[in-house]
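Containing PDB, C-alpha atoms and all ligand atoms: entry.pdb.
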MODEL        1
ATOM      1  CA  MET B   1      10.069 -13.092  13.845  1.00  0.00           C
ATOM      2  CA  LYS B   2       9.574 -12.417  10.135  1.00  0.00           C
ATOM      3  CA  PHE B   3       7.737  -9.352   8.865  1.00  0.00           C
ATOM      4  CA  PHE B   4       6.084  -7.928   5.763  1.00  0.00           C
ATOM      5  CA  ASP B   5       6.092  -4.175   5.091  1.00  0.00           C
ATOM      6  CA  ALA B   6       3.050  -3.767   2.854  1.00  0.00           C
ATOM      7  CA  HIS B   7       3.619  -0.159   1.817  1.00  0.00           C
ATOM      8  CA  ASN B   8       6.583   2.162   1.556  1.00  0.00           C
ATOM      9  CA  HIS B   9       8.359   4.519  -0.833  1.00  0.00           C
ATOM     10  CA  LEU B  10      11.934   3.283  -0.626  1.00  0.00           C
ATOM     11  CA  GLN B  11      12.773   5.232  -3.792  1.00  0.00           C
ATOM     12  CA  ASP B  12      12.509   8.427  -1.727  1.00  0.00           C
ATOM     13  CA  TYR B  13      15.589   7.652   0.345  1.00  0.00           C
ATOM     14  CA  ARG B  14      18.259  10.130  -0.737  1.00  0.00           C
ATOM     15  CA  PRO B  15      21.153   9.586  -1.085  1.00  0.00           C
ATOM     16  CA  GLU B  16      21.119   5.887  -1.905  1.00  0.00           C
ATOM     17  CA  LYS B  17      23.458   5.218   1.012  1.00  0.00           C
ATOM     18  CA  LYS B  18      20.513   5.907   3.320  1.00  0.00           C
ATOM     19  CA  LEU B  19      18.444   3.265   1.559  1.00  0.00           C
ATOM     20  CA  ALA B  20      21.245   0.714   1.871  1.00  0.00           C
ATOM     21  CA  LYS B  21      21.422   1.422   5.590  1.00  0.00           C
ATOM     22  CA  ALA B  22      17.644   1.176   6.013  1.00  0.00           C
ATOM     23  CA  MET B  23      17.552  -2.125   4.113  1.00  0.00           C
ATOM     24  CA  LEU B  24      20.340  -3.580   6.235  1.00  0.00           C
ATOM     25  CA  ALA B  25      18.411  -2.644   9.373  1.00  0.00           C
ATOM     26  CA  ALA B  26      15.250  -4.155   7.856  1.00  0.00           C
ATOM     27  CA  GLU B  27      17.054  -7.398   7.120  1.00  0.00           C
ATOM     28  CA  ALA B  28      18.408  -7.529  10.674  1.00  0.00           C
ATOM     29  CA  ALA B  29      14.882  -6.923  12.004  1.00  0.00           C
ATOM     30  CA  GLY B  30      13.515  -9.863   9.979  1.00  0.00           C
ATOM     31  CA  VAL B  31      11.657  -8.014   7.221  1.00  0.00           C
ATOM     32  CA  GLU B  32      11.132 -10.661   4.531  1.00  0.00           C
ATOM     33  CA  GLY B  33       8.949  -8.904   2.009  1.00  0.00           C
ATOM     34  CA  LEU B  34       8.198  -5.303   1.066  1.00  0.00           C
ATOM     35  CA  ILE B  35       5.987  -3.495  -1.411  1.00  0.00           C
ATOM     36  CA  CYS B  36       7.522  -0.266  -2.683  1.00  0.00           C
ATOM     37  CA  CYS B  37       5.079   2.053  -4.463  1.00  0.00           C
ATOM     38  CA  GLY B  38       5.676   4.771  -7.016  1.00  0.00           C
ATOM     39  CA  THR B  39       3.352   7.747  -7.313  1.00  0.00           C
ATOM     40  CA  SER B  40       4.014   9.355 -10.709  1.00  0.00           C
ATOM     41  CA  PRO B  41       5.948   8.749 -13.941  1.00  0.00           C
ATOM     42  CA  SER B  42       8.878  10.644 -12.406  1.00  0.00           C
ATOM     43  CA  ASP B  43       9.587   7.917  -9.840  1.00  0.00           C
ATOM     44  CA  TRP B  44       8.578   4.700 -11.623  1.00  0.00           C
ATOM     45  CA  ASP B  45      12.090   4.012 -12.893  1.00  0.00           C
ATOM     46  CA  ASP B  46      13.494   4.596  -9.407  1.00  0.00           C
ATOM     47  CA  VAL B  47      11.014   2.114  -7.923  1.00  0.00           C
ATOM     48  CA  LEU B  48      11.990  -0.490 -10.512  1.00  0.00           C
ATOM     49  CA  ALA B  49      15.671   0.111  -9.753  1.00  0.00           C
ATOM     50  CA  VAL B  50      15.068  -0.457  -6.025  1.00  0.00           C
ATOM     51  CA  ALA B  51      13.183  -3.680  -6.748  1.00  0.00           C
ATOM     52  CA  ALA B  52      15.911  -4.875  -9.115  1.00  0.00           C
ATOM     53  CA  LYS B  53      18.517  -4.339  -6.422  1.00  0.00           C
ATOM     54  CA  TYR B  54      16.597  -5.798  -3.457  1.00  0.00           C
ATOM     55  CA  LYS B  55      14.965  -9.065  -4.431  1.00  0.00           C
ATOM     56  CA  ASN B  56      12.478  -9.084  -1.557  1.00  0.00           C
ATOM     57  CA  VAL B  57      10.971  -5.795  -2.784  1.00  0.00           C
ATOM     58  CA  THR B  58       7.940  -6.026  -5.069  1.00  0.00           C
ATOM     59  CA  PRO B  59       7.412  -2.819  -7.030  1.00  0.00           C
ATOM     60  CA  GLY B  60       4.119  -0.971  -7.367  1.00  0.00           C
ATOM     61  CA  LEU B  61       3.607   1.567 -10.134  1.00  0.00           C
ATOM     62  CA  GLY B  62       0.805   4.053 -10.450  1.00  0.00           C
ATOM     63  CA  LEU B  63      -0.330   7.653 -10.716  1.00  0.00           C
ATOM     64  CA  HIS B  64      -1.343   8.878  -7.248  1.00  0.00           C
ATOM     65  CA  PRO B  65      -4.310  11.283  -6.968  1.00  0.00           C
ATOM     66  CA  TRP B  66      -2.021  14.007  -5.581  1.00  0.00           C
ATOM     67  CA  PHE B  67       0.172  13.928  -8.685  1.00  0.00           C
ATOM     68  CA  LEU B  68      -2.306  13.884 -11.570  1.00  0.00           C
ATOM     69  CA  LYS B  69      -0.596  16.928 -13.085  1.00  0.00           C
ATOM     70  CA  GLU B  70       2.496  14.807 -13.617  1.00  0.00           C
ATOM     71  CA  GLY B  71       0.562  12.429 -15.827  1.00  0.00           C
ATOM     72  CA  ALA B  72       1.636  13.858 -19.190  1.00  0.00           C
ATOM     73  CA  PRO B  73      -0.093  12.542 -22.335  1.00  0.00           C
ATOM     74  CA  GLY B  74       0.825   8.898 -22.820  1.00  0.00           C
ATOM     75  CA  TRP B  75       1.354   8.163 -19.114  1.00  0.00           C
ATOM     76  CA  LEU B  76      -1.122   5.292 -19.067  1.00  0.00           C
ATOM     77  CA  GLU B  77       0.576   3.535 -21.990  1.00  0.00           C
ATOM     78  CA  LYS B  78       3.947   4.015 -20.336  1.00  0.00           C
ATOM     79  CA  LEU B  79       2.545   2.557 -17.120  1.00  0.00           C
ATOM     80  CA  GLU B  80       1.150  -0.482 -18.890  1.00  0.00           C
ATOM     81  CA  GLY B  81       4.465  -1.127 -20.632  1.00  0.00           C
ATOM     82  CA  LEU B  82       6.409  -0.992 -17.374  1.00  0.00           C
ATOM     83  CA  LEU B  83       3.884  -3.141 -15.511  1.00  0.00           C
ATOM     84  CA  ARG B  84       4.094  -5.781 -18.218  1.00  0.00           C
ATOM     85  CA  SER B  85       7.903  -5.747 -18.050  1.00  0.00           C
ATOM     86  CA  VAL B  86       8.169  -6.989 -14.469  1.00  0.00           C
ATOM     87  CA  PRO B  87       6.064  -8.664 -11.754  1.00  0.00           C
ATOM     88  CA  SER B  88       4.477  -5.667 -10.058  1.00  0.00           C
ATOM     89  CA  CYS B  89       1.433  -4.220  -8.344  1.00  0.00           C
ATOM     90  CA  VAL B  90      -0.625  -1.319  -9.649  1.00  0.00           C
ATOM     91  CA  GLY B  91      -0.358   1.575  -7.221  1.00  0.00           C
ATOM     92  CA  GLU B  92      -0.273   3.787  -5.436  1.00  0.00           C
ATOM     93  CA  ILE B  93      -3.577   4.844  -6.956  1.00  0.00           C
ATOM     94  CA  GLY B  94      -6.850   6.017  -5.489  1.00  0.00           C
ATOM     95  CA  LEU B  95      -9.180   8.825  -4.492  1.00  0.00           C
ATOM     96  CA  ASP B  96      -8.539  11.752  -2.189  1.00  0.00           C
ATOM     97  CA  GLY B  97     -11.316  14.057  -1.060  1.00  0.00           C
ATOM     98  CA  GLY B  98      -8.986  15.956   1.260  1.00  0.00           C
ATOM     99  CA  GLN B  99      -7.065  19.172   0.832  1.00  0.00           C
ATOM    100  CA  ASN B 100      -4.436  17.734  -1.475  1.00  0.00           C
ATOM    101  CA  ALA B 101      -7.031  16.720  -3.980  1.00  0.00           C
ATOM    102  CA  THR B 102      -7.371  18.014  -7.488  1.00  0.00           C
ATOM    103  CA  GLY B 103     -10.591  17.767  -9.497  1.00  0.00           C
ATOM    104  CA  GLN B 104     -12.743  14.798  -8.622  1.00  0.00           C
ATOM    105  CA  ALA B 105     -13.635  13.915 -12.209  1.00  0.00           C
ATOM    106  CA  ARG B 106      -9.993  13.762 -13.207  1.00  0.00           C
ATOM    107  CA  GLN B 107      -9.148  11.716 -10.135  1.00  0.00           C
ATOM    108  CA  GLU B 108     -11.851   9.219 -10.876  1.00  0.00           C
ATOM    109  CA  SER B 109     -10.926   8.767 -14.500  1.00  0.00           C
ATOM    110  CA  ALA B 110      -7.247   8.187 -13.653  1.00  0.00           C
ATOM    111  CA  PHE B 111      -8.198   5.802 -10.853  1.00  0.00           C
ATOM    112  CA  LEU B 112     -10.665   3.841 -12.980  1.00  0.00           C
ATOM    113  CA  ALA B 113      -8.219   3.491 -15.856  1.00  0.00           C
ATOM    114  CA  GLN B 114      -5.559   2.088 -13.525  1.00  0.00           C
ATOM    115  CA  LEU B 115      -7.910  -0.158 -11.590  1.00  0.00           C
ATOM    116  CA  ARG B 116      -9.081  -1.639 -14.898  1.00  0.00           C
ATOM    117  CA  LEU B 117      -5.470  -2.088 -15.979  1.00  0.00           C
ATOM    118  CA  ALA B 118      -4.795  -4.020 -12.763  1.00  0.00           C
ATOM    119  CA  LYS B 119      -7.726  -6.288 -13.525  1.00  0.00           C
ATOM    120  CA  THR B 120      -6.684  -6.800 -17.151  1.00  0.00           C
ATOM    121  CA  LEU B 121      -3.114  -7.666 -16.174  1.00  0.00           C
ATOM    122  CA  GLY B 122      -4.169  -9.756 -13.173  1.00  0.00           C
ATOM    123  CA  ARG B 123      -2.193  -7.577 -10.759  1.00  0.00           C
ATOM    124  CA  PRO B 124      -3.054  -6.647  -7.176  1.00  0.00           C
ATOM    125  CA  ALA B 125      -3.774  -2.972  -6.570  1.00  0.00           C
ATOM    126  CA  CYS B 126      -2.404  -0.745  -3.775  1.00  0.00           C
ATOM    127  CA  LEU B 127      -4.958   1.916  -2.948  1.00  0.00           C
ATOM    128  CA  HIS B 128      -4.904   5.321  -1.313  1.00  0.00           C
ATOM    129  CA  CYS B 129      -8.259   6.568  -0.038  1.00  0.00           C
ATOM    130  CA  VAL B 130      -8.967   9.699   1.975  1.00  0.00           C
ATOM    131  CA  LYS B 131     -12.437  11.136   2.574  1.00  0.00           C
ATOM    132  CA  ALA B 132     -13.899   9.284  -0.391  1.00  0.00           C
ATOM    133  CA  TRP B 133     -15.013   5.990   1.153  1.00  0.00           C
ATOM    134  CA  GLY B 134     -18.566   5.931  -0.166  1.00  0.00           C
ATOM    135  CA  ARG B 135     -17.494   6.571  -3.737  1.00  0.00           C
ATOM    136  CA  MET B 136     -14.628   4.095  -3.345  1.00  0.00           C
ATOM    137  CA  LEU B 137     -17.021   1.332  -2.360  1.00  0.00           C
ATOM    138  CA  GLU B 138     -19.308   2.116  -5.305  1.00  0.00           C
ATOM    139  CA  ILE B 139     -16.364   1.854  -7.683  1.00  0.00           C
ATOM    140  CA  ILE B 140     -15.035  -1.370  -6.148  1.00  0.00           C
ATOM    141  CA  LYS B 141     -18.507  -2.907  -6.347  1.00  0.00           C
ATOM    142  CA  SER B 142     -18.998  -1.985  -9.976  1.00  0.00           C
ATOM    143  CA  GLU B 143     -15.447  -2.737 -11.168  1.00  0.00           C
ATOM    144  CA  GLN B 144     -14.804  -5.866  -9.104  1.00  0.00           C
ATOM    145  CA  PRO B 145     -11.015  -5.747  -9.470  1.00  0.00           C
ATOM    146  CA  GLY B 146      -8.769  -8.559  -8.270  1.00  0.00           C
ATOM    147  CA  PRO B 147      -7.088  -8.338  -4.852  1.00  0.00           C
ATOM    148  CA  PHE B 148      -6.643  -4.794  -3.580  1.00  0.00           C
ATOM    149  CA  MET B 149      -5.302  -3.284  -0.386  1.00  0.00           C
ATOM    150  CA  PHE B 150      -5.997  -0.025   1.339  1.00  0.00           C
ATOM    151  CA  HIS B 151      -2.690   1.310   2.484  1.00  0.00           C
ATOM    152  CA  SER B 152      -2.987   3.119   5.842  1.00  0.00           C
ATOM    153  CA  TYR B 153      -6.665   2.221   6.094  1.00  0.00           C
ATOM    154  CA  GLY B 154      -8.584   5.164   7.470  1.00  0.00           C
ATOM    155  CA  GLY B 155     -12.150   4.186   6.684  1.00  0.00           C
ATOM    156  CA  PRO B 156     -14.787   3.173   9.200  1.00  0.00           C
ATOM    157  CA  ALA B 157     -14.859  -0.262  10.804  1.00  0.00           C
ATOM    158  CA  GLU B 158     -18.384  -0.626   9.448  1.00  0.00           C
ATOM    159  CA  MET B 159     -17.138  -0.655   5.838  1.00  0.00           C
ATOM    160  CA  VAL B 160     -14.570  -3.397   6.377  1.00  0.00           C
ATOM    161  CA  PRO B 161     -16.959  -6.312   5.654  1.00  0.00           C
ATOM    162  CA  ALA B 162     -18.119  -4.836   2.324  1.00  0.00           C
ATOM    163  CA  PHE B 163     -14.570  -4.235   1.092  1.00  0.00           C
ATOM    164  CA  THR B 164     -13.537  -7.680   2.341  1.00  0.00           C
ATOM    165  CA  GLU B 165     -16.283  -9.292   0.293  1.00  0.00           C
ATOM    166  CA  PHE B 166     -14.797  -7.792  -2.883  1.00  0.00           C
ATOM    167  CA  GLY B 167     -11.201  -8.864  -2.201  1.00  0.00           C
ATOM    168  CA  GLY B 168      -9.946  -6.087   0.073  1.00  0.00           C
ATOM    169  CA  TYR B 169      -6.910  -6.189   2.352  1.00  0.00           C
ATOM    170  CA  PHE B 170      -6.315  -3.543   5.022  1.00  0.00           C
ATOM    171  CA  SER B 171      -2.904  -2.191   5.917  1.00  0.00           C
ATOM    172  CA  PHE B 172      -2.162  -0.233   9.096  1.00  0.00           C
ATOM    173  CA  GLY B 173       0.842   1.924   9.907  1.00  0.00           C
ATOM    174  CA  GLY B 174       2.445   3.669  12.865  1.00  0.00           C
ATOM    175  CA  ALA B 175      -0.702   5.698  13.560  1.00  0.00           C
ATOM    176  CA  ILE B 176      -2.163   2.721  15.458  1.00  0.00           C
ATOM    177  CA  MET B 177       0.442   3.464  18.150  1.00  0.00           C
ATOM    178  CA  ASP B 178      -1.411   6.667  18.944  1.00  0.00           C
ATOM    179  CA  PRO B 179      -3.925   5.860  21.722  1.00  0.00           C
ATOM    180  CA  LYS B 180      -6.052   8.848  20.664  1.00  0.00           C
ATOM    181  CA  ARG B 181      -6.861   7.243  17.299  1.00  0.00           C
ATOM    182  CA  GLU B 182      -9.938   5.406  18.562  1.00  0.00           C
ATOM    183  CA  LYS B 183     -11.664   5.013  15.182  1.00  0.00           C
ATOM    184  CA  LEU B 184      -8.501   3.587  13.686  1.00  0.00           C
ATOM    185  CA  ARG B 185      -8.127   1.048  16.477  1.00  0.00           C
ATOM    186  CA  ARG B 186     -11.746  -0.003  16.029  1.00  0.00           C
ATOM    187  CA  ALA B 187     -11.127  -0.500  12.323  1.00  0.00           C
ATOM    188  CA  LEU B 188      -8.055  -2.616  13.095  1.00  0.00           C
ATOM    189  CA  LEU B 189     -10.109  -4.803  15.421  1.00  0.00           C
ATOM    190  CA  SER B 190     -12.752  -5.327  12.731  1.00  0.00           C
ATOM    191  CA  VAL B 191     -10.451  -6.664   9.991  1.00  0.00           C
ATOM    192  CA  PRO B 192     -10.607 -10.426   9.343  1.00  0.00           C
ATOM    193  CA  ALA B 193      -7.332 -12.144  10.270  1.00  0.00           C
ATOM    194  CA  ASP B 194      -6.657 -13.234   6.708  1.00  0.00           C
ATOM    195  CA  ARG B 195      -6.838  -9.644   5.346  1.00  0.00           C
ATOM    196  CA  LEU B 196      -4.613  -7.861   7.815  1.00  0.00           C
ATOM    197  CA  LEU B 197      -1.406  -6.096   6.726  1.00  0.00           C
ATOM    198  CA  PHE B 198       1.029  -3.603   8.241  1.00  0.00           C
ATOM    199  CA  GLU B 199       3.212  -0.925   6.720  1.00  0.00           C
ATOM    200  CA  THR B 200       5.826   1.664   7.548  1.00  0.00           C
ATOM    201  CA  GLU B 201       5.387   4.077   4.611  1.00  0.00           C
ATOM    202  CA  ALA B 202       9.143   4.628   4.950  1.00  0.00           C
ATOM    203  CA  PRO B 203      10.869   6.971   4.670  1.00  0.00           C
ATOM    204  CA  ASP B 204       7.877   9.079   5.760  1.00  0.00           C
ATOM    205  CA  ALA B 205       5.096   7.998   8.043  1.00  0.00           C
ATOM    206  CA  ASP B 206       1.850   9.316   9.387  1.00  0.00           C
ATOM    207  CA  ALA B 207       2.465   8.959  13.117  1.00  0.00           C
ATOM    208  CA  PRO B 208       4.140  11.893  14.856  1.00  0.00           C
ATOM    209  CA  GLY B 209       7.791  11.163  15.555  1.00  0.00           C
ATOM    210  CA  TRP B 210       7.650   7.874  13.686  1.00  0.00           C
ATOM    211  CA  ARG B 211      10.756   7.456  11.533  1.00  0.00           C
ATOM    212  CA  GLY B 212      11.805   3.843  11.923  1.00  0.00           C
ATOM    213  CA  GLY B 213      12.346   2.894   8.270  1.00  0.00           C
ATOM    214  CA  PRO B 214      11.125  -0.527   7.103  1.00  0.00           C
ATOM    215  CA  ALA B 215      12.709  -2.081  10.230  1.00  0.00           C
ATOM    216  CA  GLY B 216      10.086  -0.136  12.188  1.00  0.00           C
ATOM    217  CA  ILE B 217       7.461  -2.658  11.077  1.00  0.00           C
ATOM    218  CA  ALA B 218       8.421  -4.712  14.150  1.00  0.00           C
ATOM    219  CA  ALA B 219       7.210  -1.943  16.479  1.00  0.00           C
ATOM    220  CA  ILE B 220       3.987  -1.493  14.491  1.00  0.00           C
ATOM    221  CA  VAL B 221       3.245  -5.227  14.666  1.00  0.00           C
ATOM    222  CA  GLY B 222       4.023  -5.080  18.390  1.00  0.00           C
ATOM    223  CA  ALA B 223       1.493  -2.266  18.877  1.00  0.00           C
ATOM    224  CA  ALA B 224      -1.105  -4.169  16.831  1.00  0.00           C
ATOM    225  CA  SER B 225      -0.592  -7.307  18.881  1.00  0.00           C
ATOM    226  CA  ALA B 226      -1.315  -5.337  22.063  1.00  0.00           C
ATOM    227  CA  ILE B 227      -4.528  -3.915  20.562  1.00  0.00           C
ATOM    228  CA  LEU B 228      -5.630  -7.269  19.179  1.00  0.00           C
ATOM    229  CA  GLY B 229      -4.680  -9.150  22.343  1.00  0.00           C
ATOM    230  CA  LYS B 230      -2.677 -11.755  20.442  1.00  0.00           C
ATOM    231  CA  PRO B 231       1.034 -12.641  20.562  1.00  0.00           C
ATOM    232  CA  ALA B 232       3.265 -10.545  18.295  1.00  0.00           C
ATOM    233  CA  GLU B 233       4.650 -13.763  16.761  1.00  0.00           C
ATOM    234  CA  GLU B 234       1.175 -14.706  15.622  1.00  0.00           C
ATOM    235  CA  ILE B 235       0.410 -11.266  14.149  1.00  0.00           C
ATOM    236  CA  ALA B 236       3.794 -11.122  12.401  1.00  0.00           C
ATOM    237  CA  ALA B 237       3.363 -14.576  10.848  1.00  0.00           C
ATOM    238  CA  LEU B 238      -0.212 -13.816   9.854  1.00  0.00           C
ATOM    239  CA  SER B 239       0.621 -10.534   8.147  1.00  0.00           C
ATOM    240  CA  LEU B 240       3.589 -12.060   6.328  1.00  0.00           C
ATOM    241  CA  ALA B 241       1.380 -14.876   5.036  1.00  0.00           C
ATOM    242  CA  ASN B 242      -1.250 -12.300   4.022  1.00  0.00           C
ATOM    243  CA  GLY B 243       1.337 -10.216   2.195  1.00  0.00           C
ATOM    244  CA  ASN B 244       2.514 -13.235   0.246  1.00  0.00           C
ATOM    245  CA  LYS B 245      -1.068 -14.208  -0.533  1.00  0.00           C
ATOM    246  CA  PHE B 246      -1.823 -10.671  -1.715  1.00  0.00           C
ATOM    247  CA  LEU B 247       1.110 -10.841  -4.126  1.00  0.00           C
ATOM    248  CA  GLY B 248       0.093 -14.328  -5.221  1.00  0.00           C
ATOM    249  CA  ASP B 249       2.446 -15.971  -7.658  1.00  0.00           C
ATOM    250  CA  MET B 250       4.292 -12.708  -8.323  1.00  0.00           C
ATOM    251  CA  ILE B 251       6.496 -12.997  -5.278  1.00  0.00           C
ATOM    252  CA  THR B 252      10.007 -12.164  -6.391  1.00  0.00           C
ATOM    253  CA  ARG B 253      11.649 -13.400  -3.234  1.00  0.00           C
ATOM    254  CA  THR B 254      14.092 -16.239  -3.769  1.00  0.00           C
ATOM    255  CA  ALA B 255      14.925 -17.291  -0.197  1.00  0.00           C
TER
HETATM  256 ZN    ZN Q   1       2.234   5.910   0.288  1.00  0.00          ZN
ENDMDL
END
So, in terms of C-alpha cells, how does the structure I just supplied come out?
Amino acid sequence: MKFFDAHNHLQDYRPEKKLAKAMLAAEAAGVEGLICCGTSPSDWDDVLAVAAKYKNVTPGLGLHPWFLKEGAPGWLEKLEGLLRSVPSCVGEIGLDGGQNATGQARQESAFLAQLRLAKTLGRPACLHCVKAWGRMLEIIKSEQPGPFMFHSYGGPAEMVPAFTEFGGYFSFGGAIMDPKREKLRRALLSVPADRLLFETEAPDADAPGWRGGPAGIAAIVGAASAILGKPAEEIAALSLANGNKFLGDMITRTA
C-alpha cells in the first residue's frame, strides 16, 4: 500500500538523526507523499531544508495563530518571498478560539493576509481551526480561496458540505482511533471520498500514546477503513490520490 501523510512538522525532529530514522521507516511503510508545515518565521528555513533533502516532502509555510507574537514586522513579505522561491503550500495558518489563542482581531488579520496570499500565488492552504468554525466558514465564503484543507478536522459533520462546496479537504489523524471520539467519527463518515486525507502530525500527535512518526499513517488509514467499512487498500489509494490532487501541479515527487 502507498500512503500520503497530509500534515506533519518534520522540522521538529531533533536531532536530525531522528528525522532520518523516521523517514526511513516511512519509506518502508510505503509513505509516498508528505506535507510538512512550518508555524512561524523561526522554523520556515528548517521546513525548506527538510523538503530540499526529502523530495517527497512538500513544504508549507505560514504563521500559526498560536505564534502571532513571533511575526516580527516584515514577516508577511518574508513569507511571500519564500513561498515564491519554491513549490509550497501556505500553512499552517488559521483561527483558534481555544485557550492557546491570542487576540481574535490579530488572529483574523494574520489569517486573512495569508489566505489572500495563497489565492494570489495559486497555492493550496493548510488550515488549523479550533472553536472558530462559524467564523471560519464566513471567511471561506467571502474569500473563496483555492483548495484548502483542515488539518485534524474537528468541526461538526454538518459543516462538511459547506466547506466542500468551497474547495475544502478534510484531514484526520490518530484521534479517530479513540472510540470515545463519536463526533469525530461522524465527521469522518460525512466527508466525500474525493476530499478525504489523513495525517500523523509527527513528531507530535493528538491521540494519547500515539507516536508512530509518518510511518504511523498506515495505522491511521487502517482505523479509518474500519470506521468507513471499506478495505484499507481502497482508503490508502484514495487518500494518496486526494493528496496529489490537493497539491496539484506542485508535486515535487520524482518517482
Ligand atoms: Zn500541525
Kindly compile the residues surrounding ligand ZN 1 (chain Q) within 10 Å, counting all atoms listed in the file, and format them as a VMD selection string. chain B and resid 7 to 9 36 to 39 64 91 to 93 126 to 128 151 to 152 199 to 206
Residues just named, written with C-alpha atoms as a compact mmCIF listing (two decimals), keeping the file's coordinate frame:
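Heads up, here's the output in result-v5.txt:
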# COMPACT_ATOMS: atom_id res chain seq x y z
CA HIS B 7 3.62 -0.16 1.82
CA ASN B 8 6.58 2.16 1.56
CA HIS B 9 8.36 4.52 -0.83
CA CYS B 36 7.52 -0.27 -2.68
CA CYS B 37 5.08 2.05 -4.46
CA GLY B 38 5.68 4.77 -7.02
CA THR B 39 3.35 7.75 -7.31
CA HIS B 64 -1.34 8.88 -7.25
CA GLY B 91 -0.36 1.58 -7.22
CA GLU B 92 -0.27 3.79 -5.44
CA ILE B 93 -3.58 4.84 -6.96
CA CYS B 126 -2.40 -0.74 -3.78
CA LEU B 127 -4.96 1.92 -2.95
CA HIS B 128 -4.90 5.32 -1.31
CA HIS B 151 -2.69 1.31 2.48
CA SER B 152 -2.99 3.12 5.84
CA GLU B 199 3.21 -0.92 6.72
CA THR B 200 5.83 1.66 7.55
CA GLU B 201 5.39 4.08 4.61
CA ALA B 202 9.14 4.63 4.95
CA PRO B 203 10.87 6.97 4.67
CA ASP B 204 7.88 9.08 5.76
CA ALA B 205 5.10 8.00 8.04
CA ASP B 206 1.85 9.32 9.39
Would you translate the PyMOL selection byres (((chain B and resi 44) around 9) and not hetatm) into the concrete set of residues it matches in this file, as a PyMOL selection string? chain B and resi 11+37-43+45-49+59-62+79+82
Answer key for the PyMOL selection byres (((chain B and resi 134-139) around 12) and not hetatm), residues as a PDB file with C-alpha atoms, in the coordinates of the input:
ATOM      1  CA  ILE B  93      -3.577   4.844  -6.956  1.00  0.00           C
ATOM      2  CA  GLY B  94      -6.850   6.017  -5.489  1.00  0.00           C
ATOM      3  CA  LEU B  95      -9.180   8.825  -4.492  1.00  0.00           C
ATOM      4  CA  ASP B  96      -8.539  11.752  -2.189  1.00  0.00           C
ATOM      5  CA  GLY B  97     -11.316  14.057  -1.060  1.00  0.00           C
ATOM      6  CA  GLN B 104     -12.743  14.798  -8.622  1.00  0.00           C
ATOM      7  CA  ALA B 105     -13.635  13.915 -12.209  1.00  0.00           C
ATOM      8  CA  GLN B 107      -9.148  11.716 -10.135  1.00  0.00           C
ATOM      9  CA  GLU B 108     -11.851   9.219 -10.876  1.00  0.00           C
ATOM     10  CA  SER B 109     -10.926   8.767 -14.500  1.00  0.00           C
ATOM     11  CA  PHE B 111      -8.198   5.802 -10.853  1.00  0.00           C
ATOM     12  CA  LEU B 112     -10.665   3.841 -12.980  1.00  0.00           C
ATOM     13  CA  ALA B 113      -8.219   3.491 -15.856  1.00  0.00           C
ATOM     14  CA  LEU B 115      -7.910  -0.158 -11.590  1.00  0.00           C
ATOM     15  CA  ARG B 116      -9.081  -1.639 -14.898  1.00  0.00           C
ATOM     16  CA  LEU B 127      -4.958   1.916  -2.948  1.00  0.00           C
ATOM     17  CA  HIS B 128      -4.904   5.321  -1.313  1.00  0.00           C
ATOM     18  CA  CYS B 129      -8.259   6.568  -0.038  1.00  0.00           C
ATOM     19  CA  VAL B 130      -8.967   9.699   1.975  1.00  0.00           C
ATOM     20  CA  LYS B 131     -12.437  11.136   2.574  1.00  0.00           C
ATOM     21  CA  ALA B 132     -13.899   9.284  -0.391  1.00  0.00           C
ATOM     22  CA  TRP B 133     -15.013   5.990   1.153  1.00  0.00           C
ATOM     23  CA  ILE B 140     -15.035  -1.370  -6.148  1.00  0.00           C
ATOM     24  CA  LYS B 141     -18.507  -2.907  -6.347  1.00  0.00           C
ATOM     25  CA  SER B 142     -18.998  -1.985  -9.976  1.00  0.00           C
ATOM     26  CA  GLU B 143     -15.447  -2.737 -11.168  1.00  0.00           C
ATOM     27  CA  GLN B 144     -14.804  -5.866  -9.104  1.00  0.00           C
ATOM     28  CA  PRO B 145     -11.015  -5.747  -9.470  1.00  0.00           C
ATOM     29  CA  PHE B 148      -6.643  -4.794  -3.580  1.00  0.00           C
ATOM     30  CA  PHE B 150      -5.997  -0.025   1.339  1.00  0.00           C
ATOM     31  CA  GLY B 155     -12.150   4.186   6.684  1.00  0.00           C
ATOM     32  CA  PRO B 156     -14.787   3.173   9.200  1.00  0.00           C
ATOM     33  CA  GLU B 158     -18.384  -0.626   9.448  1.00  0.00           C
ATOM     34  CA  MET B 159     -17.138  -0.655   5.838  1.00  0.00           C
ATOM     35  CA  VAL B 160     -14.570  -3.397   6.377  1.00  0.00           C
ATOM     36  CA  PRO B 161     -16.959  -6.312   5.654  1.00  0.00           C
ATOM     37  CA  ALA B 162     -18.119  -4.836   2.324  1.00  0.00           C
ATOM     38  CA  PHE B 163     -14.570  -4.235   1.092  1.00  0.00           C
ATOM     39  CA  THR B 164     -13.537  -7.680   2.341  1.00  0.00           C
ATOM     40  CA  GLU B 165     -16.283  -9.292   0.293  1.00  0.00           C
ATOM     41  CA  PHE B 166     -14.797  -7.792  -2.883  1.00  0.00           C
ATOM     42  CA  GLY B 167     -11.201  -8.864  -2.201  1.00  0.00           C
ATOM     43  CA  GLY B 168      -9.946  -6.087   0.073  1.00  0.00           C
TER      44      GLY B 168
END
Take every atom of range 106-120 of chain B listed in the file, fit an axis-aligned box around them, add 8 Å per side, and give the centre and edge lengths in Å to one decimal as lines of an AutoDock Vina configuration file.
center_x = -8.3
center_y = 3.5
center_z = -13.6
size_x = 23.1
size_y = 36.6
size_z = 23.0
Can you list, as JSON, numbers by chain, the residues that the PyMOL selection byres (((chain B and resi 184-194) around 12) and not hetatm) selects here? {"B": [150, 152, 153, 154, 155, 156, 157, 158, 159, 160, 161, 162, 163, 164, 165, 167, 168, 169, 170, 171, 172, 173, 174, 175, 176, 177, 178, 179, 180, 181, 182, 183, 195, 196, 197, 198, 221, 223, 224, 225, 226, 227, 228, 229, 230, 234, 235, 236, 237, 238, 239, 240, 241, 242, 243, 244, 245, 246]}
Write out as a ChimeraX atom specification which residues come within 8 Å of range 26-34 of chain B when counting only C-alpha atoms, dropping same-chain ones fewer than 4 positions away. /B:1-8,22,56-58,213-218,240,243-244,253
Two-atom distance - CA of Phe67 in chain B, CA of Ala110 in chain B (Å): 10.6 Å
Kindly indicate which residue among B:Lys78, B:Arg84, B:Arg106, B:Lys55 lies nearest to Ile35 in chain B, using only C-alpha atoms for the distances.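 Answer, going by the shortest atom-to-atom distance: B:Lys55.
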